[in-house]
Every structure is written in C-alpha cells, then in structure tokens.
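Following: one structure in structure tokens, then a few remarks.
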Amino acid sequence: MMAHLNAAGWSAAQDAADADLVIVNSCGFIESAKQESINAVLGWKKLFPGKKILLAGCLAQRYMQELTESLPEVDGFFGVDDISGIVDAAVALLGIPPARKPPLIPNSYLLPSTSSLLQIEDLQVNFTVRRGNSFAQVHAVRGLSFTLNRGECLGIVGESGSGKSVSTLSVPGLLPKNAGVSGSILFDGKELQGLDAKALREYRGKKIGMIFQEPGRSYDPLQRMDSVFLETFRNSDPDITKEESSDRAAALLAETGLEQGRERLGNYPHQFSGGQLQRIGIALALAQGCELLIADEPTTALDVTIQKQIIDLLKTLRRTRDITIIFISHDIELVAEISDRIMVMYGGREMELNNSQEILNHPGHPYTKALLASSPRFGSHYSQERLSSIPGKIGDGTEEGCPFAPRCTQAQEHCFIELPHLAVNGNYEVRCWLEDKNGS
Ligand code: SF4
C-alpha cells in the first residue's frame, strides 16, 4: 500500500502508518528544513522504520544534489512533472509487476481547464500625485496582458512597486480615485473596465473575492465576527436571518480550519491570532461563492509554519471548490508552491511568464534570476554564504528602455534606449534583449 502526502505535517501520519511506500511533496518539508524546524521525512523514517520514502515536487528537483547528500535515507527524488519516474520508482520499491502500476497523482492540483475566466488586455494604470506645487503622473502598470484559465492558479511575483497588486486591484475596481485605468478586463466574458461602482458591486465579493496581507487591519476592532459575517451575507442575501448567518459562518469557519468557529463568532478581532484572522478572511472571501480569489500577499505577515498552513488551505479549497486563484507575493519560491504558472513583473510590465517549475529551474530573465539569487536556499543557513541583493530600486515608470536596465548586471547600451518586446514561444514569454538575440 502506498500513501501520497502533500503535507509534511504530522497530521498525515495515519496515512503513512498504513503504507509501505510514502511519497512526500517536498515543498513543505524543504520549507520546514530551511527554517531549521522539524525534519519531517527523517521523522517518518524513525516513526515507521522499514518504509520507503520518495520525495517529489518542484523543490526536490531544484535541490536534488543537496538533498541527496543530506538525506541518504530517502529512496528517490523527483520533479513534480516526472510522473513516469515516480511510478517506475514506486513499482520497483514495492515489487509490483509493471502491468499493475499504481495510479499515482504526483501533484494534488486539479488540472486547469483551457477556458478563460479572466482576460486582461493592454492594462494601463496611472496615478495622479501631487509633487510640491504641481501634479505628476506615476505609471504603475504599463500595457499588461494575460489570460487566466478557469481552475488555474497564477502566481504574480515582483518587488514592491512592480505593479502586481495595482494590476489585480483594478479587476474588481478597488483602486483609489486618483487612478486612471485603460485597457480591457474581461471577466467571464463581461467587460469590467469602465463599469460604475454599482455595477462592480455585483462582482466584488460575489464573483471575485480578495484576501490581503495583515488581515487584522481589514476589520473594525469594535465589530464582532458574527456581525461581520452577517453584513457580508446580506450583500447577496438581504433576507438572511441571524441564525442562518451563524450557521453558514460556522460551516465556512470549519471549512477553513478555524477551531471552535461557532463559539468564536462572538469574539472581536483582537481576540484572534494573525493566522486565525487570515482563515476568517478566507471564509469571508468565500462567503458569497466567489469564482476568482485574489490573494494579495496573504502570508507575508505570518510566521513560516502558519504560512504553510494557509498555503495548504488554499490548495485544498482550490480542489474542493474549483476556484481560480491569483496569488501575489514577493517570495518566488512560496508562489511556486501553489501556482501552475508564474508571471514576474517589474516596472509595471510583464518580464517573464512560464510554468512554475520552469521559472524555478530555468529562469531566463535577468530579473527573475536576481530574485531567485536573493531568496534563501535549502541548507543555506548552515553555510557562510551571503544572500545576494538586487542593487538600486525600482524606477518611476518614465524610462524609455528596459525598466530593469539601471539595475541589470547584463545591461547593454541598447537596453537603455529601447524597450524589449515580449517574445512569445509557446507557453513561455520573456521581455529581454538577451533572450531576443538568442532567438527565444
Ligand atoms: S533587456 Fe537588457 S537591461 Fe533589460 S533585463 Fe535584458 S539585458 Fe537586462
């Protein structure tokens, strides 16, 4: 018998107890190991001696060499796409004849459909800001286009000021009044750009849910949670009673993993931890049955173990509710854990887009490479090696050429003069003169 575990926590131990072979999704384990916390795989080995363990997932492939040296007890390491490799290893370890190969699911994600839920075309967002006695334009998003398929999770990565949050806040029309927006935002075939606030209320919360960084700041400190849920439900169901609201809220809180959710509906925001408030935020985002969930840095203010729980919760909800997700973060490795594809943004533009594993293992754009180089790696806490940082800061969006040129170690004269076009090669998109020259 075999167990495929998508989490490195001890709650999965019962599955492992009954199995001869345990396949562990590596991402959670590596995140734990990076934080010098519990070594889950070796823990399983101790708890269940004699079991075979395979470590699978995008991070397992990326750190295969380091993992092989530091975890000799593990029987194999596989990238998340290497289905045949995992099956063959499982067959060999369990001694199953090839004709009876077990049906393995190396990645628990649902395959997204090919029909699009969101299509953004040439999105431009400019803010009018006061500078001294005059006004200036800040170009936050400059000609962004992408398509999001139903059931897909798209990660958007970049530093503060790259335009990732502004571009997604423009979808439900949540930008401040000094923002000028142009381009097309097609949601489920309907144009949202240009709709007035009343029309957009039919989408906000009902079809498009949002969760944010620092969930505690989203709540009125004097409002109890039962009242927050009642207000939310009444947006789409004005006749709902308090009892019905409490029942539905309790069910949602149970679904998002908040213990004693019904009892805690009478509590105020300060009586919850950050992780609990984020679970409540997710429950509220789901309260009106949204199809698209925009998660804007939802784990940034949380400690790493709670981050992992929130990521696992979003993965589960994606599977059970079939929702489409945009996951925004500055942490590219965290984004890769949940996303099918990753778009890297800089200076309000798309710089690179590819499936998550390719972005992690074969980044093409100098900015993506710099982001990865500045991200802690497995085992780095044992070494004297310093993390590299990206010198300089993001520009104000007025530059003519490549926006990354002032910080790029590979910039050439031409890069400062002309913006590279977005080269498209199948599912891969990149904006860099170097990649263009290479014929990508
Ligand atoms: S176009 Fe030039 S400046 Fe921009 S990322 Fe490529 S090499 Fe660097």
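Within each chain, counting starts at residue 1; across the structure tokens, chains are named A, B, ... in the order shown, with ligands numbered 1 upward in that order.
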Mind running chain A against ligand 1 at 9 Å and telling me each contacting residue's nearest atom pair with the distance in Å (one decimal), counting only C-alpha atoms and all ligand atoms, chain and number ascending, as JSON lines?
{"residue": "A:Met351", "atom": "CA", "partner": "ligand 1", "partner_atom_place_in_ligand_line": "5 (S)", "distance": 8.1}
{"residue": "A:His365", "atom": "CA", "partner": "ligand 1", "partner_atom_place_in_ligand_line": "5 (S)", "distance": 6.1}
{"residue": "A:Pro366", "atom": "CA", "partner": "ligand 1", "partner_atom_place_in_ligand_line": "5 (S)", "distance": 5.1}
{"residue": "A:Tyr367", "atom": "CA", "partner": "ligand 1", "partner_atom_place_in_ligand_line": "5 (S)", "distance": 6.2}
{"residue": "A:Gly401", "atom": "CA", "partner": "ligand 1", "partner_atom_place_in_ligand_line": "4 (Fe)", "distance": 7.9}
{"residue": "A:Cys402", "atom": "CA", "partner": "ligand 1", "partner_atom_place_in_ligand_line": "4 (Fe)", "distance": 4.6}
{"residue": "A:Pro403", "atom": "CA", "partner": "ligand 1", "partner_atom_place_in_ligand_line": "4 (Fe)", "distance": 6.7}
{"residue": "A:Phe404", "atom": "CA", "partner": "ligand 1", "partner_atom_place_in_ligand_line": "4 (Fe)", "distance": 5.2}
{"residue": "A:Ala405", "atom": "CA", "partner": "ligand 1", "partner_atom_place_in_ligand_line": "3 (S)", "distance": 3.5}
{"residue": "A:Pro406", "atom": "CA", "partner": "ligand 1", "partner_atom_place_in_ligand_line": "3 (S)", "distance": 7.1}
{"residue": "A:Arg407", "atom": "CA", "partner": "ligand 1", "partner_atom_place_in_ligand_line": "3 (S)", "distance": 7.6}
{"residue": "A:Cys408", "atom": "CA", "partner": "ligand 1", "partner_atom_place_in_ligand_line": "8 (Fe)", "distance": 4.7}
{"residue": "A:Thr409", "atom": "CA", "partner": "ligand 1", "partner_atom_place_in_ligand_line": "8 (Fe)", "distance": 6.8}
{"residue": "A:Gln410", "atom": "CA", "partner": "ligand 1", "partner_atom_place_in_ligand_line": "7 (S)", "distance": 4.8}
{"residue": "A:Ala411", "atom": "CA", "partner": "ligand 1", "partner_atom_place_in_ligand_line": "3 (S)", "distance": 3.9}
{"residue": "A:Gln412", "atom": "CA", "partner": "ligand 1", "partner_atom_place_in_ligand_line": "2 (Fe)", "distance": 5.9}
{"residue": "A:Glu413", "atom": "CA", "partner": "ligand 1", "partner_atom_place_in_ligand_line": "2 (Fe)", "distance": 8.3}
{"residue": "A:His414", "atom": "CA", "partner": "ligand 1", "partner_atom_place_in_ligand_line": "2 (Fe)", "distance": 7.5}
{"residue": "A:Cys415", "atom": "CA", "partner": "ligand 1", "partner_atom_place_in_ligand_line": "2 (Fe)", "distance": 4.4}
{"residue": "A:Phe416", "atom": "CA", "partner": "ligand 1", "partner_atom_place_in_ligand_line": "3 (S)", "distance": 7.0}
{"residue": "A:Glu418", "atom": "CA", "partner": "ligand 1", "partner_atom_place_in_ligand_line": "1 (S)", "distance": 8.6}
{"residue": "A:Leu419", "atom": "CA", "partner": "ligand 1", "partner_atom_place_in_ligand_line": "1 (S)", "distance": 7.2}
{"residue": "A:Pro420", "atom": "CA", "partner": "ligand 1", "partner_atom_place_in_ligand_line": "1 (S)", "distance": 5.8}
{"residue": "A:Arg431", "atom": "CA", "partner": "ligand 1", "partner_atom_place_in_ligand_line": "1 (S)", "distance": 6.8}
{"residue": "A:Cys432", "atom": "CA", "partner": "ligand 1", "partner_atom_place_in_ligand_line": "6 (Fe)", "distance": 3.7}
{"residue": "A:Trp433", "atom": "CA", "partner": "ligand 1", "partner_atom_place_in_ligand_line": "1 (S)", "distance": 4.3}
{"residue": "A:Leu434", "atom": "CA", "partner": "ligand 1", "partner_atom_place_in_ligand_line": "7 (S)", "distance": 5.3}
{"residue": "A:Glu435", "atom": "CA", "partner": "ligand 1", "partner_atom_place_in_ligand_line": "6 (Fe)", "distance": 7.3}
{"residue": "A:Asp436", "atom": "CA", "partner": "ligand 1", "partner_atom_place_in_ligand_line": "1 (S)", "distance": 8.7}
Hey, what's within 9 Å of segment 187-190 of chain A if we count only C-alpha atoms and toss same-chain stuff fewer than 2 positions away? As a PyMOL selection string, please? chain A and resi 116-120+171+185+192
Preceding selection exported with N, CA and C atoms as a CSV table (one decimal), in the first residue's frame:
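Below is the file result.csv, written as the result:
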chain,number,residue,atom,x,y,z
A,116,SER,N,-11.0,30.4,-20.5
A,116,SER,CA,-10.5,31.5,-19.7
A,116,SER,C,-11.6,32.1,-18.9
A,117,LEU,N,-11.2,32.5,-17.6
A,117,LEU,CA,-12.1,33.2,-16.7
A,117,LEU,C,-11.8,34.7,-16.8
A,118,LEU,N,-10.5,35.0,-16.9
A,118,LEU,CA,-10.1,36.4,-16.9
A,118,LEU,C,-9.2,36.7,-18.0
A,119,GLN,N,-9.5,37.7,-18.8
A,119,GLN,CA,-8.6,38.1,-19.9
A,119,GLN,C,-8.3,39.6,-19.7
A,120,ILE,N,-7.0,39.9,-19.5
A,120,ILE,CA,-6.6,41.3,-19.3
A,120,ILE,C,-5.8,41.7,-20.6
A,171,VAL,N,-9.0,44.8,-11.2
A,171,VAL,CA,-10.0,43.9,-11.7
A,171,VAL,C,-11.4,44.1,-11.1
A,185,ILE,N,-10.6,44.5,-19.3
A,185,ILE,CA,-10.6,43.5,-18.3
A,185,ILE,C,-11.9,42.6,-18.5
A,192,LEU,N,-15.3,44.5,-17.5
A,192,LEU,CA,-15.4,45.2,-16.3
A,192,LEU,C,-14.9,46.6,-16.3
Quick one: pull the distance between atom CA of Gly155 of chain A and atom CA of Lys369 of chain A, Å, one decimal. 16.4 Å
Filtered DSSP result for segment 105-274 of chain A, state strand (DSSP E or B), as a PyMOL selection string: chain A and resi 116-131+134-149+153-157+179-187+190-191+204+208-212
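Computed from the coordinates, the atom CA of Asp239 of chain A to atom CA of Ile208 of chain A distance equals 22.0 Å.
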DSSP-assigned alpha helix (DSSP H) among segment 340-424 of chain A, expressed as a list in words: Ser356, Gln357, Glu358, Ile359, Leu360, Asn361, Pro366, Tyr367, Thr368, Lys369, Ala370, Leu371, Leu372 and Ala373 of chain A
Could you write out that same residue set with C-alpha atoms as a short mmCIF file (atom, residue, chain, number, x, y, z; two decimals), in the first residue's frame?
data_model
loop_
_atom_site.label_atom_id
_atom_site.label_comp_id
_atom_site.auth_asym_id
_atom_site.auth_seq_id
_atom_site.Cartn_x
_atom_site.Cartn_y
_atom_site.Cartn_z
CA SER A 356 6.29 27.38 -12.05
CA GLN A 357 8.85 24.62 -12.28
CA GLU A 358 10.47 26.10 -15.37
CA ILE A 359 10.66 29.53 -13.72
CA LEU A 360 12.36 27.99 -10.67
CA ASN A 361 14.74 25.72 -12.54
CA PRO A 366 17.99 38.59 -15.50
CA TYR A 367 15.43 39.98 -13.04
CA THR A 368 13.96 36.52 -12.33
CA LYS A 369 17.49 35.19 -11.81
CA ALA A 370 18.23 38.07 -9.42
CA LEU A 371 15.02 37.37 -7.47
CA LEU A 372 15.96 33.71 -7.12
CA ALA A 373 19.52 34.57 -6.10
#
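Among the candidates A:Glu121, A:Gly158, A:Thr324, A:Lys52, the one nearest to Ala92 of chain A when counting only C-alpha atoms is A:Lys52.
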